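Have a look at model14.cif below; it lists mmCIF, C-alpha atoms and all ligand atoms.
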```
data_query
loop_
_atom_site.group_PDB
_atom_site.id
_atom_site.type_symbol
_atom_site.label_atom_id
_atom_site.label_comp_id
_atom_site.auth_asym_id
_atom_site.auth_seq_id
_atom_site.Cartn_x
_atom_site.Cartn_y
_atom_site.Cartn_z
ATOM 1 C CA MET V 194 -25.242 -27.775 -3.859
ATOM 2 C CA VAL V 195 -22.593 -29.455 -1.737
ATOM 3 C CA ARG V 196 -24.070 -31.851 0.776
ATOM 4 C CA ASN V 197 -23.596 -31.298 4.522
ATOM 5 C CA ALA V 198 -21.885 -27.922 4.129
ATOM 6 C CA PRO V 199 -23.350 -24.926 5.971
ATOM 7 C CA LYS V 200 -24.598 -22.577 3.267
ATOM 8 C CA ASN V 201 -24.077 -19.209 4.898
ATOM 9 C CA ILE V 202 -21.284 -18.375 7.273
ATOM 10 C CA LYS V 203 -21.190 -15.146 9.257
ATOM 11 C CA LEU V 204 -17.886 -13.288 9.631
ATOM 12 C CA LYS V 205 -17.038 -10.360 11.868
ATOM 13 C CA THR V 206 -14.895 -7.379 10.886
ATOM 14 C CA ILE V 207 -12.021 -7.288 13.386
ATOM 15 C CA GLY V 208 -10.368 -4.137 12.084
ATOM 16 C CA VAL V 209 -9.722 -1.816 9.181
ATOM 17 C CA VAL V 210 -6.821 -1.145 6.792
ATOM 18 C CA HIS V 211 -5.330 2.336 6.555
ATOM 19 C CA SER V 212 -3.640 2.743 3.190
ATOM 20 C CA PRO V 213 -2.346 5.491 0.913
ATOM 21 C CA PHE V 214 -4.620 4.086 -1.831
ATOM 22 C CA HIS V 215 -8.090 5.620 -1.751
ATOM 23 C CA VAL V 216 -9.545 4.448 -5.070
ATOM 24 C CA ARG V 217 -8.810 1.396 -7.233
ATOM 25 C CA GLU V 218 -7.165 3.610 -9.877
ATOM 26 C CA ASP V 219 -4.467 4.551 -7.320
ATOM 27 C CA ILE V 220 -3.072 0.990 -7.572
ATOM 28 C CA ASP V 221 -1.002 0.023 -10.616
ATOM 29 C CA PRO V 222 -2.179 -3.548 -11.398
ATOM 30 C CA ARG V 223 1.264 -4.499 -12.755
ATOM 31 C CA ARG V 224 2.636 -4.261 -9.227
ATOM 32 C CA ASN V 225 0.348 -7.117 -8.143
ATOM 33 C CA PHE V 226 2.298 -9.543 -10.315
ATOM 34 C CA ARG V 227 5.775 -8.520 -9.209
ATOM 35 C CA PRO V 228 7.375 -10.191 -6.232
ATOM 36 C CA ASN V 229 7.566 -7.532 -3.516
ATOM 37 C CA GLY V 230 5.646 -5.132 -5.784
ATOM 38 C CA PHE V 231 4.193 -3.308 -2.793
ATOM 39 C CA SER V 232 6.981 -3.879 -0.267
ATOM 40 C CA ASP V 233 7.617 -0.139 0.085
ATOM 41 C CA VAL V 234 3.951 0.745 0.663
ATOM 42 C CA ARG V 235 3.271 1.420 4.313
ATOM 43 C CA GLY V 236 -0.041 1.327 6.065
ATOM 44 C CA GLU V 237 -1.744 0.395 9.298
ATOM 45 C CA LEU V 238 -4.091 -2.304 10.511
ATOM 46 C CA GLU V 239 -6.327 -0.724 13.126
ATOM 47 C CA ILE V 240 -7.827 -3.523 15.165
ATOM 48 C CA ASP V 241 -11.130 -3.043 16.974
ATOM 49 C CA PRO V 242 -10.252 -2.718 20.691
ATOM 50 C CA ALA V 243 -12.694 -5.588 21.346
ATOM 51 C CA TYR V 244 -10.191 -7.912 19.570
ATOM 52 C CA ALA V 245 -6.923 -6.226 20.597
ATOM 53 C CA ALA V 246 -6.155 -8.842 23.261
ATOM 54 C CA GLY V 247 -5.681 -11.250 20.356
ATOM 55 C CA LEU V 248 -2.613 -9.265 19.275
ATOM 56 C CA LYS V 249 -0.653 -10.518 22.296
ATOM 57 C CA ASP V 250 2.614 -12.215 21.176
ATOM 58 C CA ILE V 251 2.367 -10.930 17.602
ATOM 59 C CA ALA V 252 5.464 -8.732 17.904
ATOM 60 C CA GLY V 253 7.860 -11.655 17.367
ATOM 61 C CA PHE V 254 6.644 -12.285 13.823
ATOM 62 C CA SER V 255 8.205 -10.453 10.874
ATOM 63 C CA HIS V 256 5.320 -11.102 8.459
ATOM 64 C CA LEU V 257 1.573 -11.518 8.801
ATOM 65 C CA ILE V 258 -1.113 -12.985 6.575
ATOM 66 C CA VAL V 259 -4.013 -10.532 6.429
ATOM 67 C CA ILE V 260 -7.396 -11.899 5.402
ATOM 68 C CA PHE V 261 -9.776 -9.178 4.341
ATOM 69 C CA ALA V 262 -13.000 -8.389 2.517
ATOM 70 C CA PHE V 263 -12.815 -6.807 -0.963
ATOM 71 C CA HIS V 264 -15.507 -4.334 0.069
ATOM 72 C CA LYS V 265 -15.293 -2.349 -3.211
ATOM 73 C CA SER V 266 -15.415 -5.286 -5.605
ATOM 74 C CA GLY V 267 -18.054 -5.947 -8.224
ATOM 75 C CA LEU V 268 -20.205 -9.003 -8.816
ATOM 76 C CA GLY V 269 -18.612 -12.415 -8.315
ATOM 77 C CA HIS V 270 -18.188 -13.828 -11.829
ATOM 78 C CA LEU V 271 -16.772 -17.317 -12.318
ATOM 79 C CA LEU V 272 -14.761 -16.283 -15.390
ATOM 80 C CA VAL V 273 -12.727 -13.088 -15.139
ATOM 81 C CA LYS V 274 -10.325 -11.255 -17.412
ATOM 82 C CA PRO V 275 -7.134 -10.539 -15.469
ATOM 83 C CA PRO V 276 -5.313 -7.258 -16.186
ATOM 84 C CA PHE V 277 -3.413 -7.353 -19.511
ATOM 85 C CA GLU V 278 -4.944 -10.727 -20.455
ATOM 86 C CA SER V 279 -7.105 -11.275 -23.514
ATOM 87 C CA ARG V 280 -8.542 -14.588 -22.271
ATOM 88 C CA ARG V 281 -10.954 -15.137 -19.432
ATOM 89 C CA ARG V 282 -9.701 -17.331 -16.606
ATOM 90 C CA GLY V 283 -11.523 -19.284 -13.936
ATOM 91 C CA VAL V 284 -11.813 -16.958 -10.970
ATOM 92 C CA PHE V 285 -10.271 -19.532 -8.642
ATOM 93 C CA SER V 286 -7.094 -19.469 -10.760
ATOM 94 C CA THR V 287 -6.773 -15.713 -10.199
ATOM 95 C CA ARG V 288 -6.382 -13.166 -7.427
ATOM 96 C CA SER V 289 -9.281 -11.133 -8.790
ATOM 97 C CA PRO V 290 -11.190 -9.014 -6.254
ATOM 98 C CA HIS V 291 -14.432 -9.989 -8.055
ATOM 99 C CA ARG V 292 -15.206 -13.452 -6.695
ATOM 100 C CA PRO V 293 -18.192 -15.309 -5.252
ATOM 101 C CA ASN V 294 -16.966 -14.586 -1.749
ATOM 102 C CA PRO V 295 -15.127 -11.236 -1.896
ATOM 103 C CA ILE V 296 -12.340 -12.419 0.386
ATOM 104 C CA GLY V 297 -8.627 -11.830 -0.171
ATOM 105 C CA MET V 298 -5.325 -12.386 1.550
ATOM 106 C CA THR V 299 -2.066 -10.534 1.479
ATOM 107 C CA VAL V 300 1.247 -10.957 3.271
ATOM 108 C CA VAL V 301 2.592 -7.835 4.976
ATOM 109 C CA ARG V 302 5.735 -7.072 6.950
ATOM 110 C CA LEU V 303 5.093 -6.122 10.571
ATOM 111 C CA LEU V 304 6.985 -2.924 11.368
ATOM 112 C CA GLY V 305 5.622 -2.275 14.833
ATOM 113 C CA ARG V 306 2.656 -2.223 17.168
ATOM 114 C CA ARG V 307 1.133 0.662 19.094
ATOM 115 C CA GLY V 308 -1.732 -0.699 21.188
ATOM 116 C CA ASN V 309 -4.432 -1.862 18.807
ATOM 117 C CA VAL V 310 -2.632 -0.512 15.712
ATOM 118 C CA LEU V 311 -0.131 -2.540 13.675
ATOM 119 C CA ARG V 312 2.225 -0.616 11.397
ATOM 120 C CA VAL V 313 2.927 -2.687 8.300
ATOM 121 C CA SER V 314 4.440 -2.515 4.818
ATOM 122 C CA GLY V 315 3.422 -4.395 1.680
ATOM 123 C CA ILE V 316 -0.079 -2.946 1.497
ATOM 124 C CA ASP V 317 -1.915 -3.493 -1.823
ATOM 125 C CA LEU V 318 -5.317 -2.685 -0.363
ATOM 126 C CA LEU V 319 -7.638 0.280 -0.339
ATOM 127 C CA GLU V 320 -8.162 2.600 2.593
ATOM 128 C CA GLY V 321 -11.048 1.272 4.670
ATOM 129 C CA THR V 322 -10.673 -2.391 3.661
ATOM 130 C CA PRO V 323 -12.289 -4.513 6.393
ATOM 131 C CA VAL V 324 -9.889 -6.938 8.109
ATOM 132 C CA LEU V 325 -11.376 -10.374 8.829
ATOM 133 C CA ASP V 326 -8.387 -12.192 10.316
ATOM 134 C CA ILE V 327 -4.640 -12.034 10.917
ATOM 135 C CA LYS V 328 -2.311 -15.035 11.073
ATOM 136 C CA PRO V 329 1.468 -15.277 11.383
ATOM 137 C CA TYR V 330 3.327 -16.002 8.143
ATOM 138 C CA THR V 331 6.045 -18.584 8.778
ATOM 139 C CA SER V 332 8.710 -20.296 6.691
ATOM 140 C CA ARG V 333 6.370 -23.322 6.559
ATOM 141 C CA ASP V 334 4.197 -21.223 4.250
ATOM 142 C CA SER V 335 6.845 -21.115 1.540
ATOM 143 C CA LYS V 336 6.526 -24.212 -0.660
ATOM 144 C CA ARG V 337 9.002 -25.935 -2.962
ATOM 145 C CA GLY V 338 8.272 -26.730 -6.603
ATOM 146 C CA VAL V 339 5.749 -23.939 -7.109
ATOM 147 C CA LYS V 340 4.097 -23.855 -10.559
ATOM 148 C CA HIS V 341 2.419 -20.708 -11.872
ATOM 149 C CA GLY V 342 -0.164 -22.115 -14.289
ATOM 150 C CA TRP V 343 -1.422 -19.551 -16.825
ATOM 151 C CA MET V 344 0.527 -16.769 -15.070
ATOM 152 C CA ARG V 345 3.853 -18.351 -16.023
ATOM 153 C CA THR V 346 4.271 -16.789 -19.448
ATOM 154 C CA SER V 347 2.150 -13.701 -19.207
ATOM 155 C CA VAL V 348 1.587 -11.423 -16.289
ATOM 156 C CA LEU V 349 4.455 -12.658 -14.134
ATOM 157 C CA ASN V 350 6.879 -11.196 -16.657
ATOM 158 C CA ARG V 351 5.477 -7.670 -16.602
HETATM 159 C C1 LIG D 401 -5.442 -8.449 -7.235
HETATM 160 S S1 LIG D 401 -5.856 -8.109 -5.551
HETATM 161 C C2 LIG D 401 -4.596 -9.034 -4.770
HETATM 162 C C3 LIG D 401 -4.722 -9.022 -3.283
HETATM 163 C C4 LIG D 401 -3.854 -10.004 -2.565
HETATM 164 N N1 LIG D 401 -2.522 -9.519 -2.352
HETATM 165 C C5 LIG D 401 -3.824 -11.350 -3.224
HETATM 166 O O1 LIG D 401 -2.825 -11.682 -3.828
HETATM 167 O O2 LIG D 401 -4.823 -12.050 -3.093
HETATM 168 C C6 LIG D 401 -5.287 -6.496 -5.327
HETATM 169 C C7 LIG D 401 -6.181 -5.548 -6.090
HETATM 170 O O3 LIG D 401 -7.449 -5.531 -5.470
HETATM 171 C C8 LIG D 401 -8.000 -4.256 -5.527
HETATM 172 N N2 LIG D 401 -8.442 -3.910 -4.168
HETATM 173 C C9 LIG D 401 -7.676 -3.634 -3.090
HETATM 174 N N3 LIG D 401 -8.443 -3.409 -2.005
HETATM 175 C C10 LIG D 401 -9.727 -3.591 -2.414
HETATM 176 C C11 LIG D 401 -10.985 -3.522 -1.762
HETATM 177 N N4 LIG D 401 -11.075 -3.238 -0.470
HETATM 178 N N5 LIG D 401 -12.099 -3.763 -2.490
HETATM 179 C C12 LIG D 401 -12.016 -4.053 -3.811
HETATM 180 N N6 LIG D 401 -10.853 -4.137 -4.483
HETATM 181 C C13 LIG D 401 -9.721 -3.907 -3.796
HETATM 182 C C14 LIG D 401 -6.949 -3.305 -6.048
HETATM 183 O O4 LIG D 401 -7.290 -2.982 -7.370
HETATM 184 C C15 LIG D 401 -5.676 -4.135 -6.035
HETATM 185 O O5 LIG D 401 -4.876 -3.892 -7.158
#
```
As structure tokens, how would this structure be written, given the file I've shared?
Ligand SMILES: C[S@@+](CC[C@H](N)C(=O)[O-])C[C@H]1O[C@@H](n2cnc3c(N)ncnc32)[C@H](O)[C@@H]1O
Amino acid sequence: MVRNAPKNIKLKTIGVVHSPFHVREDIDPRRNFRPNGFSDVRGELEIDPAYAAGLKDIAGFSHLIVIFAFHKSGLGHLLVKPPFESRRRGVFSTRSPHRPNPIGMTVVRLLGRRGNVLRVSGIDLLEGTPVLDIKPYTSRDSKRGVKHGWMRTSVLNR
């Protein structure tokens, strides 16, 4: 156990994803490894009206970081076999939905806002995915000298 760290943290669902993908099989896993693999996939982030005031000023941002719960994932294993890989990898070196805390992030393009609903593209999530947080994506988020670890020679080339 890590000393002085709170063990359980409570999160609130602030909204829900509306997506054309209804079951995991609807999503081709190869697209996850391609840059802009889902850029043409449109969806909506419906924000609970109780949190809609927090959307003020969001319209000026082209891209958003969406933090969500993988609500349809399995048990959180520490070693996982990524799609098309024969070897198991440490879960924290993957984007696997099956992780100790089933939390994910994805960057979407903001197409427009209608009240508490954000129209977006770049959705690689299932219909009904709970949204935990939204943050603006900025050019500060793009880093130089990025290395791709085990993904370099395998899945990135699919
Ligand atoms: C590999 S994750 C990547 C998500 C995110 N863009 C990232 O890079 O962290 C995307 C996969 O998670 C699965 N998925 C999407 N929404 C999910 C949900 N709500 N619960 C469980 N699995 C989900 C789908 O199979 C999809 O191909």
Quick one: what's the axis-aligned box for ligand LIG 401 (chain D), all listed atoms, 4 Å on every side, centre and edges in Å to one decimal, as AutoDock Vina command-line options?
```
--center_x -7.3 --center_y -7.5 --center_z -3.9 --size_x 17.6 --size_y 17.1 --size_z 14.9
```
As a quick test: using all atoms listed in the file, which residues lie no more than 9 Å away from ligand LIG 401 (chain D)? Give them as a ChimeraX atom specification. /V:210,214,216-226,259-267,275,287-291,295-300,315-323
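Among the candidates V:Ala252, V:Ala198, V:Ala243, V:Leu271, the residue lying nearest to V:Gly305 is V:Ala252 (atoms considered: all atoms listed in the file).
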For atom CA of V:Gly253 and atom CA of V:Leu204, determine how far apart the two atoms are, in Å to one decimal place.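 That distance, rounded to one decimal, is 26.9 Å.
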With only C-alpha atoms as the atoms that count, which of V:Asp233, V:Thr206, V:Arg227, V:Gly247 lies nearest to V:Gly308?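 The answer is V:Gly247, which sits nearest to V:Gly308.
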By how many Å are atom CA of V:Leu272 and atom CA of V:Pro293 apart?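 Going from atom CA of V:Leu272 over to atom CA of V:Pro293, I get 10.7 Å.
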Within 8 Å of V:Glu237 using all atoms listed in the file, minus same-chain residues under 5 positions, as number ranges by chain: V: 210-212, 310-313
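Note that atom CA of V:Asn201 and atom CA of V:Asp241 are 24.0 Å apart.
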Point (1.7, -14.2, 12.7) neighbourhood (6 Å, all atoms listed in the file) written as an NGL selection string: :V and (251 or 254 or 257 or 328-330)
As a PDB file, in the coordinates of the input, please: stretch 329-342 of chain V completed to N, CA, C and O atoms.
```
ATOM      1  N   PRO V 329       0.030 -15.440  11.641  1.00  0.00           N
ATOM      2  CA  PRO V 329       1.468 -15.277  11.383  1.00  0.00           C
ATOM      3  C   PRO V 329       1.864 -15.991  10.104  1.00  0.00           C
ATOM      4  O   PRO V 329       1.376 -17.091   9.829  1.00  0.00           O
ATOM      5  N   TYR V 330       2.722 -15.348   9.315  1.00  0.00           N
ATOM      6  CA  TYR V 330       3.327 -16.002   8.143  1.00  0.00           C
ATOM      7  C   TYR V 330       4.614 -16.643   8.645  1.00  0.00           C
ATOM      8  O   TYR V 330       5.412 -15.987   9.324  1.00  0.00           O
ATOM      9  N   THR V 331       4.825 -17.906   8.322  1.00  0.00           N
ATOM     10  CA  THR V 331       6.045 -18.584   8.778  1.00  0.00           C
ATOM     11  C   THR V 331       6.747 -19.220   7.590  1.00  0.00           C
ATOM     12  O   THR V 331       6.178 -19.329   6.498  1.00  0.00           O
ATOM     13  N   SER V 332       7.966 -19.683   7.811  1.00  0.00           N
ATOM     14  CA  SER V 332       8.710 -20.296   6.691  1.00  0.00           C
ATOM     15  C   SER V 332       8.012 -21.564   6.212  1.00  0.00           C
ATOM     16  O   SER V 332       8.224 -21.992   5.083  1.00  0.00           O
ATOM     17  N   ARG V 333       7.130 -22.149   7.030  1.00  0.00           N
ATOM     18  CA  ARG V 333       6.370 -23.322   6.559  1.00  0.00           C
ATOM     19  C   ARG V 333       5.427 -22.949   5.414  1.00  0.00           C
ATOM     20  O   ARG V 333       4.966 -23.802   4.671  1.00  0.00           O
ATOM     21  N   ASP V 334       5.119 -21.648   5.306  1.00  0.00           N
ATOM     22  CA  ASP V 334       4.197 -21.223   4.250  1.00  0.00           C
ATOM     23  C   ASP V 334       4.862 -21.136   2.880  1.00  0.00           C
ATOM     24  O   ASP V 334       4.179 -20.995   1.880  1.00  0.00           O
ATOM     25  N   SER V 335       6.201 -21.185   2.857  1.00  0.00           N
ATOM     26  CA  SER V 335       6.845 -21.115   1.540  1.00  0.00           C
ATOM     27  C   SER V 335       7.071 -22.542   1.042  1.00  0.00           C
ATOM     28  O   SER V 335       7.679 -23.367   1.732  1.00  0.00           O
ATOM     29  N   LYS V 336       6.529 -22.845  -0.134  1.00  0.00           N
ATOM     30  CA  LYS V 336       6.526 -24.212  -0.660  1.00  0.00           C
ATOM     31  C   LYS V 336       7.584 -24.388  -1.736  1.00  0.00           C
ATOM     32  O   LYS V 336       7.901 -23.442  -2.460  1.00  0.00           O
ATOM     33  N   ARG V 337       8.070 -25.618  -1.868  1.00  0.00           N
ATOM     34  CA  ARG V 337       9.002 -25.935  -2.962  1.00  0.00           C
ATOM     35  C   ARG V 337       8.223 -26.351  -4.202  1.00  0.00           C
ATOM     36  O   ARG V 337       7.105 -26.834  -4.096  1.00  0.00           O
ATOM     37  N   GLY V 338       8.849 -26.221  -5.356  1.00  0.00           N
ATOM     38  CA  GLY V 338       8.272 -26.730  -6.603  1.00  0.00           C
ATOM     39  C   GLY V 338       7.007 -26.016  -7.025  1.00  0.00           C
ATOM     40  O   GLY V 338       6.089 -26.631  -7.554  1.00  0.00           O
ATOM     41  N   VAL V 339       6.954 -24.712  -6.784  1.00  0.00           N
ATOM     42  CA  VAL V 339       5.749 -23.939  -7.109  1.00  0.00           C
ATOM     43  C   VAL V 339       5.592 -23.800  -8.626  1.00  0.00           C
ATOM     44  O   VAL V 339       6.551 -23.487  -9.327  1.00  0.00           O
ATOM     45  N   LYS V 340       4.398 -24.073  -9.129  1.00  0.00           N
ATOM     46  CA  LYS V 340       4.097 -23.855 -10.559  1.00  0.00           C
ATOM     47  C   LYS V 340       3.122 -22.692 -10.668  1.00  0.00           C
ATOM     48  O   LYS V 340       2.264 -22.516  -9.804  1.00  0.00           O
ATOM     49  N   HIS V 341       3.220 -21.927 -11.756  1.00  0.00           N
ATOM     50  CA  HIS V 341       2.419 -20.708 -11.872  1.00  0.00           C
ATOM     51  C   HIS V 341       1.321 -20.763 -12.916  1.00  0.00           C
ATOM     52  O   HIS V 341       0.780 -19.716 -13.300  1.00  0.00           O
ATOM     53  N   GLY V 342       0.981 -21.965 -13.384  1.00  0.00           N
ATOM     54  CA  GLY V 342      -0.164 -22.115 -14.289  1.00  0.00           C
ATOM     55  C   GLY V 342      -0.152 -21.103 -15.420  1.00  0.00           C
ATOM     56  O   GLY V 342       0.892 -20.846 -16.023  1.00  0.00           O
TER      57      GLY V 342
END
```
